[in-house]
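To be precise, the following lines are target_37.cif, and they hold mmCIF, C-alpha atoms.
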```cif
data_upload
loop_
_atom_site.label_atom_id
_atom_site.label_comp_id
_atom_site.auth_asym_id
_atom_site.auth_seq_id
_atom_site.Cartn_x
_atom_site.Cartn_y
_atom_site.Cartn_z
CA MET A 1 -12.18 35.91 -46.87
CA ASN A 2 -9.38 38.23 -45.91
CA ASN A 3 -11.11 38.83 -42.63
CA ILE A 4 -11.43 35.13 -41.84
CA ILE A 5 -7.67 34.62 -42.22
CA LYS A 6 -7.03 37.69 -40.07
CA TYR A 7 -9.24 36.44 -37.25
CA ALA A 8 -7.80 32.91 -37.53
CA PHE A 9 -4.35 34.36 -36.96
CA LEU A 10 -5.64 36.45 -34.05
CA PHE A 11 -7.15 33.25 -32.56
CA ILE A 12 -3.85 31.35 -32.74
CA PHE A 13 -1.80 34.32 -31.55
CA LEU A 14 -4.03 35.00 -28.53
CA VAL A 15 -4.09 31.31 -27.51
CA LEU A 16 -0.30 31.02 -27.69
CA LEU A 17 0.18 34.34 -25.88
CA GLN A 18 -2.23 33.34 -23.13
CA ALA A 19 -0.87 29.83 -22.56
CA GLY A 20 2.78 30.74 -23.03
CA VAL A 21 3.10 34.08 -21.29
CA LEU A 22 0.05 35.67 -19.68
CA SER A 23 -1.01 32.68 -17.57
CA HIS A 24 2.45 32.54 -16.03
CA LEU A 25 2.79 36.19 -15.06
CA ASN A 26 1.44 35.72 -11.52
CA LEU A 27 1.74 39.40 -10.64
CA PHE A 28 1.90 39.86 -6.84
CA GLY A 29 1.93 36.08 -6.65
CA PHE A 30 -1.50 35.32 -8.03
CA LEU A 31 -2.77 37.82 -10.62
CA ASN A 32 -3.11 36.82 -14.27
CA PRO A 33 -4.90 38.68 -17.09
CA PHE A 34 -7.06 36.59 -19.43
CA LEU A 35 -6.62 38.54 -22.62
CA TYR A 36 -7.61 35.72 -25.01
CA ILE A 37 -11.31 36.69 -24.76
CA TYR A 38 -10.33 39.85 -26.68
CA LEU A 39 -11.14 37.80 -29.80
CA LEU A 40 -14.76 37.27 -28.72
CA ILE A 41 -15.12 40.93 -27.82
CA THR A 42 -13.92 42.27 -31.17
CA LEU A 43 -15.33 39.75 -33.67
CA PRO A 44 -17.67 41.54 -36.14
CA LEU A 45 -21.19 41.87 -34.79
CA SER A 46 -22.49 40.36 -38.02
CA THR A 47 -20.83 37.02 -37.21
CA PRO A 48 -23.63 34.41 -37.22
CA ARG A 49 -24.37 33.53 -33.60
CA ILE A 50 -23.99 29.83 -34.28
CA TYR A 51 -20.39 30.47 -35.41
CA MET A 52 -19.84 32.66 -32.36
CA LEU A 53 -20.79 29.72 -30.14
CA TRP A 54 -18.41 27.35 -31.90
CA ILE A 55 -15.58 29.91 -31.89
CA GLY A 56 -16.11 30.52 -28.17
CA PHE A 57 -16.13 26.81 -27.45
CA ALA A 58 -13.00 26.16 -29.55
CA LEU A 59 -11.18 29.10 -27.94
CA GLY A 60 -11.88 27.91 -24.40
CA LEU A 61 -11.03 24.32 -25.25
CA SER A 62 -7.68 25.30 -26.82
CA ILE A 63 -6.72 27.22 -23.68
CA ASP A 64 -7.85 24.31 -21.50
CA MET A 65 -5.77 21.82 -23.46
CA LEU A 66 -2.66 23.95 -23.12
CA LEU A 67 -3.14 24.79 -19.44
CA ASN A 68 -4.37 21.35 -18.34
CA THR A 69 -7.62 22.74 -16.96
CA PRO A 70 -10.34 20.76 -18.83
CA GLY A 71 -13.64 22.63 -18.92
CA LEU A 72 -12.50 25.49 -16.71
CA HIS A 73 -12.10 27.99 -19.56
CA THR A 74 -14.52 26.31 -21.99
CA ILE A 75 -17.57 27.00 -19.82
CA PRO A 76 -17.18 30.78 -19.28
CA THR A 77 -15.91 31.38 -22.81
CA THR A 78 -18.88 29.61 -24.43
CA PHE A 79 -21.16 31.59 -22.14
CA ILE A 80 -19.86 35.02 -23.11
CA ALA A 81 -19.83 34.02 -26.78
CA PHE A 82 -23.54 33.24 -26.42
CA ILE A 83 -24.59 36.47 -24.73
CA ARG A 84 -22.18 38.85 -26.50
CA ASN A 85 -24.60 40.43 -28.97
CA GLN A 86 -27.24 41.14 -26.34
CA VAL A 87 -24.62 42.77 -24.14
CA ALA A 88 -23.47 44.93 -27.05
CA GLN A 89 -27.08 45.95 -27.69
CA LYS A 90 -27.68 46.86 -24.04
CA SER A 91 -24.44 48.81 -23.67
CA LEU A 92 -25.34 51.36 -26.33
CA VAL A 93 -27.26 54.29 -25.00
CA ARG A 94 -28.97 55.10 -28.25
CA GLY A 95 -29.30 51.45 -29.18
CA GLU A 96 -28.05 51.73 -32.73
CA LEU A 97 -26.20 48.54 -33.50
CA GLU A 98 -26.91 48.68 -37.23
CA GLY A 99 -24.15 51.13 -38.08
CA ILE A 100 -21.50 49.31 -36.06
CA LYS A 101 -19.71 46.45 -37.75
CA VAL A 102 -16.82 45.86 -35.37
CA PRO A 103 -17.09 46.79 -31.68
CA THR A 104 -14.17 49.11 -30.86
CA VAL A 105 -13.56 52.16 -28.75
CA PHE A 106 -13.98 54.34 -31.85
CA THR A 107 -17.11 52.80 -33.33
CA MET A 108 -19.05 52.42 -30.07
CA GLY A 109 -17.64 55.33 -28.15
CA PHE A 110 -15.40 54.97 -25.10
CA SER A 111 -17.98 54.58 -22.33
CA ALA A 112 -20.21 52.21 -24.31
CA PHE A 113 -17.23 50.04 -25.24
CA VAL A 114 -15.97 49.93 -21.66
CA THR A 115 -19.43 48.92 -20.43
CA TYR A 116 -19.74 46.27 -23.13
CA ALA A 117 -16.25 44.77 -22.69
CA GLY A 118 -16.38 45.22 -18.91
CA ILE A 119 -19.59 43.21 -18.53
CA LEU A 120 -18.18 40.37 -20.64
CA VAL A 121 -14.83 40.36 -18.82
CA VAL A 122 -16.37 40.40 -15.33
CA LEU A 123 -18.85 37.64 -16.24
CA HIS A 124 -16.10 35.51 -17.77
CA HIS A 125 -13.69 35.98 -14.86
CA SER A 126 -16.23 35.40 -12.12
CA ILE A 127 -17.50 32.16 -13.70
CA LEU A 128 -13.89 31.08 -14.19
CA PHE A 129 -12.77 31.75 -10.63
CA PHE A 130 -15.86 30.35 -8.94
CA LEU A 131 -15.66 27.19 -11.05
CA ASP A 132 -12.02 26.86 -10.09
CA ALA A 133 -12.82 27.26 -6.40
CA PHE A 134 -15.71 24.84 -7.02
CA GLY A 135 -18.17 26.60 -4.78
CA PHE A 136 -18.19 29.52 -2.42
CA HIS A 137 -15.77 28.40 0.32
CA HIS A 138 -13.33 31.25 -0.03
CA PHE A 139 -15.93 33.68 -1.26
CA PHE A 140 -14.12 36.94 -0.57
CA ALA A 141 -10.70 35.73 -1.70
CA VAL A 142 -12.23 34.59 -5.00
CA LEU A 143 -14.24 37.80 -5.36
CA LEU A 144 -11.14 39.92 -4.81
CA ASN A 145 -9.23 37.83 -7.31
CA THR A 146 -12.03 38.33 -9.85
CA VAL A 147 -12.05 42.10 -9.35
CA TYR A 148 -8.28 42.51 -9.68
CA SER A 149 -7.92 40.17 -12.64
CA SER A 150 -10.85 41.85 -14.42
CA MET A 151 -9.23 45.25 -13.97
CA LEU A 152 -5.97 43.91 -15.35
CA THR A 153 -7.64 42.32 -18.38
CA MET A 154 -9.70 45.45 -19.05
CA SER A 155 -6.67 47.74 -18.96
CA LEU A 156 -4.89 45.49 -21.45
CA ILE A 157 -7.92 45.46 -23.76
CA ILE A 158 -8.22 49.24 -23.71
CA LEU A 159 -4.47 49.64 -24.19
CA ILE A 160 -4.58 47.39 -27.26
CA GLN A 161 -7.57 49.33 -28.60
CA PHE A 162 -5.70 52.61 -28.48
CA LEU A 163 -2.35 51.23 -29.65
CA PHE A 164 -3.26 48.84 -32.45
CA VAL A 165 -6.72 49.75 -33.68
CA SER A 166 -6.57 52.80 -35.88
CA ARG A 167 -9.56 54.96 -36.71
CA LYS A 168 -8.89 54.77 -40.42
CA ARG A 169 -8.81 51.02 -40.67
CA ILE A 170 -12.14 50.76 -38.91
CA GLU A 171 -13.78 52.78 -41.65
CA MET A 172 -12.67 50.26 -44.21
CA TYR A 173 -14.70 47.42 -42.74
CA MET B 1 -43.37 15.55 -35.11
CA ARG B 2 -43.47 18.61 -37.31
CA ARG B 3 -44.06 20.78 -34.26
CA LEU B 4 -41.10 19.19 -32.53
CA ILE B 5 -38.83 19.92 -35.50
CA ASN B 6 -40.13 23.47 -35.60
CA LEU B 7 -39.47 23.84 -31.90
CA ILE B 8 -35.92 22.50 -32.24
CA TYR B 9 -35.32 24.81 -35.17
CA LYS B 10 -36.62 27.76 -33.25
CA TYR B 11 -34.37 27.10 -30.27
CA HIS B 12 -31.44 25.46 -32.04
CA LEU B 13 -29.05 28.16 -30.93
CA PHE B 14 -29.96 27.82 -27.27
CA LEU B 15 -29.87 24.01 -27.52
CA LEU B 16 -26.37 24.11 -29.01
CA PHE B 17 -25.34 26.48 -26.22
CA LEU B 18 -26.64 24.05 -23.58
CA LEU B 19 -24.93 21.14 -25.32
CA LEU B 20 -21.53 22.88 -25.43
CA GLU B 21 -21.80 23.97 -21.80
CA LEU B 22 -22.74 20.41 -20.84
CA LEU B 23 -19.62 19.18 -22.62
CA GLY B 24 -17.58 21.71 -20.67
CA PHE B 25 -19.03 20.53 -17.36
CA ILE B 26 -18.40 16.87 -18.24
CA LEU B 27 -14.75 17.71 -18.88
CA LEU B 28 -14.52 19.71 -15.65
CA LEU B 29 -16.10 17.05 -13.44
CA ASN B 30 -14.14 14.22 -15.02
CA ASN B 31 -10.95 16.08 -14.29
CA ARG B 32 -11.98 16.76 -10.69
CA TYR B 33 -12.77 13.19 -9.81
CA GLN B 34 -10.11 11.30 -11.69
CA ARG B 35 -7.21 13.33 -10.39
CA ALA B 36 -5.48 13.36 -13.79
CA ALA B 37 -6.50 15.47 -16.74
CA ILE B 38 -8.31 13.89 -19.70
CA VAL B 39 -7.53 16.66 -22.12
CA ASN B 40 -3.92 16.87 -21.17
CA SER B 41 -1.15 18.58 -22.96
CA THR B 42 1.51 15.96 -22.44
CA ASN B 43 1.80 15.48 -26.17
CA ALA B 44 4.40 16.43 -28.71
CA VAL B 45 2.89 19.65 -30.10
CA THR B 46 2.10 21.51 -26.89
CA GLY B 47 5.11 20.02 -25.14
CA GLY B 48 7.33 21.36 -27.91
CA TYR B 49 5.76 24.81 -27.59
CA PHE B 50 6.32 24.98 -23.84
CA SER B 51 9.89 23.68 -24.24
CA ALA B 52 10.62 26.51 -26.67
CA ILE B 53 9.24 29.10 -24.23
CA GLU B 54 11.10 27.54 -21.34
CA ASN B 55 14.32 27.70 -23.35
CA MET B 56 13.88 31.45 -23.66
CA GLN B 57 12.94 31.95 -20.02
CA GLU B 58 15.88 29.89 -18.84
CA TYR B 59 18.29 32.70 -19.65
CA LEU B 60 16.45 35.07 -17.35
CA ASN B 61 16.98 32.89 -14.29
CA LEU B 62 20.42 31.64 -15.21
CA LYS B 63 22.26 33.34 -12.37
CA GLN B 64 19.79 32.30 -9.70
CA GLU B 65 19.74 28.68 -10.87
CA ASN B 66 23.51 28.66 -11.06
CA ASP B 67 23.80 29.79 -7.44
CA LYS B 68 21.36 27.12 -6.36
CA LEU B 69 23.19 24.34 -8.18
CA GLN B 70 26.51 25.55 -6.85
CA LYS B 71 25.22 25.43 -3.29
CA GLU B 72 23.91 21.94 -3.83
CA ASN B 73 27.23 20.93 -5.34
CA ALA B 74 29.07 22.21 -2.32
CA LYS B 75 26.78 20.26 -0.04
CA LEU B 76 27.31 17.06 -2.01
CA ARG B 77 31.06 17.61 -1.99
CA SER B 78 31.10 17.93 1.76
CA THR B 79 29.09 14.71 1.98
CA ILE B 80 31.69 12.95 -0.17
CA LEU B 81 34.50 14.27 2.03
CA ASN B 82 32.71 13.01 5.09
CA PHE B 83 31.95 9.69 3.49
CA PRO B 84 34.75 7.64 5.12
CA VAL B 85 33.37 8.69 8.50
CA LEU B 86 29.82 7.88 7.44
CA GLU B 87 30.90 4.54 6.07
CA GLU B 88 32.49 3.70 9.37
CA ASN B 89 29.25 4.48 11.14
CA LEU B 90 27.05 2.74 8.62
CA ARG B 91 29.05 -0.45 8.43
CA PHE B 92 26.40 -2.53 10.10
CA PHE B 93 23.52 -1.14 8.09
CA GLU B 94 22.50 -2.27 4.68
CA ILE B 95 22.63 0.78 2.44
CA ASP B 96 19.60 1.07 0.19
CA THR B 97 20.95 1.29 -3.35
CA ASN B 98 17.62 0.84 -5.06
CA VAL B 99 16.82 4.49 -5.38
CA VAL B 100 17.67 6.16 -8.69
CA ILE B 101 17.45 9.91 -9.18
CA ILE B 102 16.42 11.31 -12.58
CA PRO B 103 16.93 15.03 -13.27
CA ALA B 104 14.22 16.96 -15.15
CA LYS B 105 13.14 20.49 -15.98
CA ILE B 106 9.77 22.10 -15.39
CA ILE B 107 8.61 23.56 -18.70
CA SER B 108 5.17 24.85 -17.78
CA GLY B 109 2.93 25.15 -14.79
CA GLN B 110 0.24 27.08 -13.01
CA ILE B 111 0.18 28.33 -9.46
CA SER B 112 -2.95 30.46 -9.49
CA ASN B 113 -5.61 27.71 -9.76
CA ASN B 114 -6.90 25.25 -7.22
CA HIS B 115 -6.01 22.34 -9.47
CA ASN B 116 -2.49 23.26 -10.46
CA TYR B 117 -0.37 20.99 -12.61
CA PHE B 118 3.24 21.20 -13.76
CA MET B 119 4.73 19.72 -16.91
CA ILE B 120 8.28 18.34 -17.07
CA ASN B 121 10.46 17.55 -20.06
CA LYS B 122 10.98 13.85 -19.28
CA GLY B 123 8.65 10.97 -20.13
CA SER B 124 8.40 7.20 -20.24
CA LYS B 125 11.42 6.99 -22.57
CA ASP B 126 13.52 8.44 -19.75
CA GLY B 127 12.16 5.95 -17.25
CA ILE B 128 9.43 8.10 -15.72
CA ARG B 129 6.38 6.27 -14.38
CA PRO B 130 3.21 7.61 -12.75
CA ASP B 131 3.41 8.02 -8.95
CA MET B 132 7.08 8.91 -8.71
CA GLY B 133 8.12 11.47 -6.09
CA VAL B 134 9.48 14.79 -7.36
CA ILE B 135 11.94 16.90 -5.33
CA SER B 136 14.04 20.02 -5.79
CA GLU B 137 17.28 19.70 -3.83
CA ASP B 138 15.86 18.06 -0.69
CA VAL B 139 12.51 19.85 -0.81
CA VAL B 140 9.32 18.04 -1.84
CA VAL B 141 7.64 19.29 -5.03
CA GLY B 142 4.99 16.69 -5.89
CA ILE B 143 4.15 13.39 -7.56
CA THR B 144 3.99 12.42 -11.26
CA THR B 145 0.50 11.59 -12.51
CA ARG B 146 0.36 11.26 -16.26
CA VAL B 147 3.26 10.19 -18.45
CA SER B 148 3.62 10.33 -22.22
CA THR B 149 6.73 9.29 -24.14
CA ALA B 150 8.55 12.61 -23.89
CA TYR B 151 6.68 14.64 -21.24
CA SER B 152 4.88 14.09 -17.97
CA LEU B 153 2.45 15.92 -15.74
CA LEU B 154 3.04 16.27 -12.06
CA LEU B 155 0.65 16.96 -9.25
CA PRO B 156 2.42 19.50 -7.03
CA VAL B 157 1.95 19.97 -3.30
CA ILE B 158 -0.09 23.06 -4.24
CA ASN B 159 -3.00 21.14 -5.79
CA VAL B 160 -6.12 20.66 -3.67
CA ASN B 161 -5.98 16.93 -4.48
CA SER B 162 -2.50 16.57 -3.04
CA LYS B 163 -2.05 14.84 0.31
CA ILE B 164 1.39 14.01 1.66
CA SER B 165 2.25 11.88 4.63
CA ALA B 166 4.34 14.11 6.90
CA LYS B 167 5.86 14.11 10.35
CA ILE B 168 7.00 16.73 12.80
CA LYS B 169 10.78 16.61 12.81
CA LYS B 170 11.39 17.29 16.50
CA ASN B 171 9.22 14.50 17.87
CA ASN B 172 8.41 12.26 14.89
CA TYR B 173 4.63 12.56 15.28
CA LYS B 174 2.78 11.79 12.05
CA ALA B 175 0.37 14.20 10.32
CA SER B 176 -0.84 14.95 6.78
CA LEU B 177 0.04 17.91 4.60
CA ILE B 178 -2.72 19.19 2.30
CA TRP B 179 -3.32 22.42 0.36
CA ASP B 180 -6.46 24.55 0.66
CA GLY B 181 -6.06 26.53 -2.58
CA VAL B 182 -5.55 29.95 -1.04
CA ASP B 183 -1.85 30.81 -1.25
CA TYR B 184 0.86 28.95 -3.13
CA ARG B 185 3.39 29.72 -0.39
CA TYR B 186 1.44 28.06 2.42
CA ALA B 187 0.02 24.57 2.97
CA LYS B 188 -2.04 23.11 5.79
CA LEU B 189 -0.92 20.41 8.21
CA ILE B 190 -3.88 18.39 9.48
CA ASP B 191 -4.45 15.42 11.80
CA ILE B 192 -2.02 16.71 14.43
CA PRO B 193 -2.63 14.85 17.72
CA ASN B 194 -4.39 17.08 20.22
CA HIS B 195 -1.82 16.95 23.01
CA LEU B 196 1.03 18.25 20.85
CA GLU B 197 2.23 21.80 21.13
CA LEU B 198 3.76 23.21 17.95
CA PHE B 199 5.65 26.47 17.65
CA PRO B 200 6.34 28.73 14.67
CA GLY B 201 9.51 27.55 12.99
CA ASP B 202 9.06 23.84 13.71
CA THR B 203 10.17 21.85 10.68
CA ILE B 204 7.82 19.46 8.88
CA VAL B 205 9.39 16.61 6.87
CA THR B 206 8.15 13.57 4.94
CA SER B 207 7.31 10.57 7.10
CA GLY B 208 8.45 7.85 4.70
CA TYR B 209 5.19 5.98 5.37
CA SER B 210 4.12 6.42 1.76
CA PHE B 211 6.47 5.06 -0.86
CA TYR B 212 6.66 8.21 -2.95
CA PHE B 213 9.28 9.83 -0.75
CA PRO B 214 12.01 8.57 1.55
CA PRO B 215 11.71 9.87 5.14
CA GLY B 216 13.20 13.22 6.13
CA LEU B 217 12.70 15.30 2.97
CA LEU B 218 11.82 18.91 3.75
CA LEU B 219 8.23 20.17 3.38
CA GLY B 220 7.96 23.42 5.32
CA THR B 221 7.97 25.19 8.67
CA VAL B 222 5.02 25.86 10.96
CA SER B 223 3.90 29.49 10.77
CA GLU B 224 0.70 29.33 12.80
CA TYR B 225 -0.81 26.64 15.04
CA TYR B 226 -4.57 26.28 15.54
CA HIS B 227 -6.30 24.46 18.37
CA ASP B 228 -9.57 22.94 17.18
CA GLU B 229 -11.84 23.11 20.21
CA GLY B 230 -13.53 19.81 20.96
CA ALA B 231 -11.80 17.91 18.16
CA ASN B 232 -9.23 15.15 18.51
CA PHE B 233 -6.87 16.72 16.04
CA ASN B 234 -5.45 20.20 15.47
CA HIS B 235 -4.18 21.86 12.34
CA ALA B 236 -1.38 24.24 11.43
CA LYS B 237 -0.46 26.64 8.67
CA VAL B 238 2.83 25.64 7.08
CA LYS B 239 5.18 27.85 5.09
CA LEU B 240 6.43 25.69 2.21
CA PHE B 241 10.14 25.42 1.48
CA ALA B 242 9.52 24.99 -2.26
CA ASP B 243 9.14 28.25 -4.17
CA PHE B 244 6.66 27.09 -6.81
CA ASP B 245 6.80 30.42 -8.61
CA ALA B 246 10.48 30.03 -9.49
CA LEU B 247 10.88 26.29 -9.80
CA GLN B 248 13.06 25.04 -12.68
CA ASN B 249 15.28 22.06 -11.99
CA VAL B 250 13.74 19.06 -10.23
CA TYR B 251 14.71 15.46 -9.51
CA LEU B 252 12.50 12.38 -9.73
CA ILE B 253 12.92 9.56 -7.26
CA ASP B 254 12.68 6.14 -8.83
CA ASN B 255 12.14 3.60 -6.09
CA TYR B 256 12.47 0.08 -7.48
CA HIS B 257 10.97 -1.32 -4.32
CA GLN B 258 7.71 0.54 -4.83
CA ASN B 259 5.88 -2.23 -6.71
CA GLN B 260 6.89 -4.87 -4.19
CA GLN B 261 5.93 -2.64 -1.29
CA ASP B 262 2.59 -1.85 -2.90
CA SER B 263 1.75 -5.47 -3.58
CA LEU B 264 2.75 -6.40 -0.05
CA LEU B 265 0.39 -3.78 1.34
CA ASN B 266 -2.38 -4.93 -0.98
CA SER B 267 -2.03 -8.57 0.01
CA ALA B 268 -2.01 -7.56 3.67
CA THR B 269 -5.22 -5.57 3.35
CA HIS B 270 -6.98 -8.35 1.42
CA GLU B 271 -6.37 -10.98 4.11
#
```
Serialized structure, structure tokens:
Amino acid sequence: MNNIIKYAFLFIFLVLLQAGVLSHLNLFGFLNPFLYIYLLITLPLSTPRIYMLWIGFALGLSIDMLLNTPGLHTIPTTFIAFIRNQVAQKSLVRGELEGIKVPTVFTMGFSAFVTYAGILVVLHHSILFFLDAFGFHHFFAVLLNTVYSSMLTMSLIILIQFLFVSRKRIEMY
Amino acid sequence: MRRLINLIYKYHLFLLFLLLELLGFILLLNNRYQRAAIVNSTNAVTGGYFSAIENMQEYLNLKQENDKLQKENAKLRSTILNFPVLEENLRFFEIDTNVVIIPAKIISGQISNNHNYFMINKGSKDGIRPDMGVISEDVVVGITTRVSTAYSLLLPVINVNSKISAKIKKNNYKASLIWDGVDYRYAKLIDIPNHLELFPGDTIVTSGYSFYFPPGLLLGTVSEYYHDEGANFNHAKVKLFADFDALQNVYLIDNYHQNQQDSLLNSATHE
């Protein structure tokens, strides 16, 4: 129960942060991180997949409503919510998901977490940018945008992991 | 029947996934082809949130905005001082007094998408209607699309659906200004007659042929000119005057003649 309230707050906080601040950064004129998918990356792995789908859909839709981009964020966010558990499974070298409740740098190990989060971020961003361009007209411009934005989002995710997720609290889950 | 239910149960997760993605695509395509957003945030809750954020951000740009307004003030003052002279010259012309200017503030907006929209803090209660021209000083910003009571959405020049009737200032030739979604600082001038020679620095202004904007408002300057071999028209890359990254104060042009002009055009095309 406690956990549900915690994640509900994280949901609202990330949506407001994304729509109010992060989507207006426009670093170097065009670069924005999409940190709100942090929620989907760190939800407990035991979350029923049907809830994951609905959470992903609701998250994307909330962002879309605030940014006036109907569907643009809903589609990639629902997609990564759907494939998240498989990606987590594949990213672990030893393939032991049982012992891990929450995917973090400390529970999964640095390289496994970076692989896991990286795959989700790159998939999300590339779907997002190619949907926005609506095809492959400016293929290389869009690709470059995807690469830079993914790197930005990933650095933020890792920064948050080291700053706000403590080893001790993880053991309590 | 039983097998069907079993099958649905077995794949219910995947079916839900397909359903949600389908919903997403319906939203996306609807938005693309209707020009205005269905799920739009021009309502009280989100509008209030963006207003609060804008209030905070306003302090950061205070000095810059102040300078801009002061410059504009000075320009208007000089116009007033010159007015007796102008009046003398304009005595035989009927001055159009049907244009009303409404000030507004941009409270949220995107410049990194292809389908960018901006939100302003004025709505139908302030006299805003869809299809009003939006300017900043004498630079074109865009057109209003969706209006709620307290907020409205505008379609800026930097939206791939935007198309503005323009002309080349030095020789009054007509062309169209569109945006290709690459860089928010540059737009594309198309339908330039083949025989024209344009040079970097040539000014592009509104033509006044559409009723959104009066003629002569600034759009941008030519930065590169392209000859399209074998085509009747050329195109050019245009550096926009409006800095969409730092836009705050805008003005809306309310043209009372617009409805009459529109209906006149409609009746003419139906004959």
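CA of Arg185 in chain B sits 25.8 Å away from CA of Lys122 in chain B.
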Hey, which bits of chain B sit within 10 Å of chain A, and for each residue what's the closest pair of atoms and how far apart in Å (one decimal), counting only C-alpha atoms, rows by chain and increasing number, as CSV?
```
residue,atom,partner,partner_atom,distance
B:His12,CA,A:Ile50,CA,8.9
B:Leu13,CA,A:Ile50,CA,6.3
B:Phe14,CA,A:Phe82,CA,8.4
B:Leu16,CA,A:Leu53,CA,8.0
B:Phe17,CA,A:Leu53,CA,6.8
B:Leu18,CA,A:Phe79,CA,9.4
B:Leu20,CA,A:Phe57,CA,7.0
B:Glu21,CA,A:Ile75,CA,5.6
B:Leu22,CA,A:Ile75,CA,8.4
B:Leu23,CA,A:Gly71,CA,7.8
B:Gly24,CA,A:Gly71,CA,4.4
B:Phe25,CA,A:Gly71,CA,6.0
B:Ile26,CA,A:Gly71,CA,7.5
B:Leu27,CA,A:Gly71,CA,5.0
B:Leu28,CA,A:Gly71,CA,4.5
B:Leu29,CA,A:Gly71,CA,8.2
B:Asn30,CA,A:Pro70,CA,8.5
B:Asn31,CA,A:Pro70,CA,6.5
B:Arg32,CA,A:Pro70,CA,9.2
B:Ala36,CA,A:Asn68,CA,9.3
B:Ala37,CA,A:Asn68,CA,6.5
B:Ile38,CA,A:Pro70,CA,7.2
B:Val39,CA,A:Met65,CA,5.6
B:Asn40,CA,A:Asn68,CA,5.3
B:Ser41,CA,A:Leu66,CA,5.6
B:Thr42,CA,A:Asn68,CA,9.0
B:Val45,CA,A:Leu66,CA,9.9
B:Thr46,CA,A:Leu66,CA,6.5
B:Gly47,CA,A:Leu66,CA,8.9
B:Tyr49,CA,A:Gly20,CA,8.1
B:Phe50,CA,A:Gly20,CA,6.8
B:Ala52,CA,A:Gly20,CA,9.6
B:Ile53,CA,A:Gly20,CA,6.8
B:Glu54,CA,A:Gly20,CA,9.1
B:Ser108,CA,A:Gly20,CA,8.2
B:Gly109,CA,A:His24,CA,7.5
B:Gln110,CA,A:His24,CA,6.6
B:Ile111,CA,A:Phe30,CA,7.3
B:Ser112,CA,A:Phe30,CA,5.3
B:Asn113,CA,A:Asp132,CA,6.5
B:Asn114,CA,A:Asp132,CA,6.1
B:His115,CA,A:Asp132,CA,7.5
B:Asn116,CA,A:Thr69,CA,8.3
B:Tyr117,CA,A:Asn68,CA,7.0
B:Phe118,CA,A:Asn68,CA,8.9
B:Met119,CA,A:Asn68,CA,9.4
B:Leu153,CA,A:Asn68,CA,9.1
B:Val160,CA,A:Ala133,CA,9.8
B:Asp180,CA,A:His138,CA,9.6
B:Gly181,CA,A:Ala133,CA,7.8
B:Val182,CA,A:Ala141,CA,7.8
B:Asp183,CA,A:Phe30,CA,8.2
B:Tyr184,CA,A:Gly29,CA,8.0
B:Arg185,CA,A:Gly29,CA,9.0
B:Asp245,CA,A:Gly29,CA,7.7
```
Give me, please, the distance in Å between CA of Val222 in chain B and CA of His235 in chain B, quoted to one decimal.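 Separation between CA of Val222 in chain B and CA of His235 in chain B: 10.1 Å.
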On this structure, the PyMOL selection byres ((chain B and resi 219) around 9) would catch which residues? List them as a count of residues only, sorted by chain and number. 20
Would you kindly translate the PyMOL selection byres ((chain B and resi 210) around 10) into the concrete residues it picks from this file, as a count of residues only? 15
Could you list, as a PDB file with C-alpha atoms, in the coordinates of the input, every residue matched by the PyMOL selection byres ((chain A and resi 116) around 10) in this structure?
```
ATOM      1  CA  ILE A  41     -15.120  40.930 -27.820  1.00  0.00           C
ATOM      2  CA  ARG A  84     -22.180  38.850 -26.500  1.00  0.00           C
ATOM      3  CA  ASN A  85     -24.600  40.430 -28.970  1.00  0.00           C
ATOM      4  CA  GLN A  86     -27.240  41.140 -26.340  1.00  0.00           C
ATOM      5  CA  VAL A  87     -24.620  42.770 -24.140  1.00  0.00           C
ATOM      6  CA  ALA A  88     -23.470  44.930 -27.050  1.00  0.00           C
ATOM      7  CA  GLN A  89     -27.080  45.950 -27.690  1.00  0.00           C
ATOM      8  CA  LYS A  90     -27.680  46.860 -24.040  1.00  0.00           C
ATOM      9  CA  SER A  91     -24.440  48.810 -23.670  1.00  0.00           C
ATOM     10  CA  LEU A  92     -25.340  51.360 -26.330  1.00  0.00           C
ATOM     11  CA  PRO A 103     -17.090  46.790 -31.680  1.00  0.00           C
ATOM     12  CA  THR A 104     -14.170  49.110 -30.860  1.00  0.00           C
ATOM     13  CA  MET A 108     -19.050  52.420 -30.070  1.00  0.00           C
ATOM     14  CA  PHE A 110     -15.400  54.970 -25.100  1.00  0.00           C
ATOM     15  CA  SER A 111     -17.980  54.580 -22.330  1.00  0.00           C
ATOM     16  CA  ALA A 112     -20.210  52.210 -24.310  1.00  0.00           C
ATOM     17  CA  PHE A 113     -17.230  50.040 -25.240  1.00  0.00           C
ATOM     18  CA  VAL A 114     -15.970  49.930 -21.660  1.00  0.00           C
ATOM     19  CA  THR A 115     -19.430  48.920 -20.430  1.00  0.00           C
ATOM     20  CA  ALA A 117     -16.250  44.770 -22.690  1.00  0.00           C
ATOM     21  CA  GLY A 118     -16.380  45.220 -18.910  1.00  0.00           C
ATOM     22  CA  ILE A 119     -19.590  43.210 -18.530  1.00  0.00           C
ATOM     23  CA  LEU A 120     -18.180  40.370 -20.640  1.00  0.00           C
ATOM     24  CA  VAL A 121     -14.830  40.360 -18.820  1.00  0.00           C
TER      25      VAL A 121
END
```
I'd like the contact shell of Gln248 in chain B - 12 Å cut-off, all atoms listed in the file, skipping same-chain residues fewer than 4 positions apart - returned as number ranges by chain. B: 54-55, 57-62, 64-66, 68-69, 103-109, 118-121, 135-137, 141, 242-244
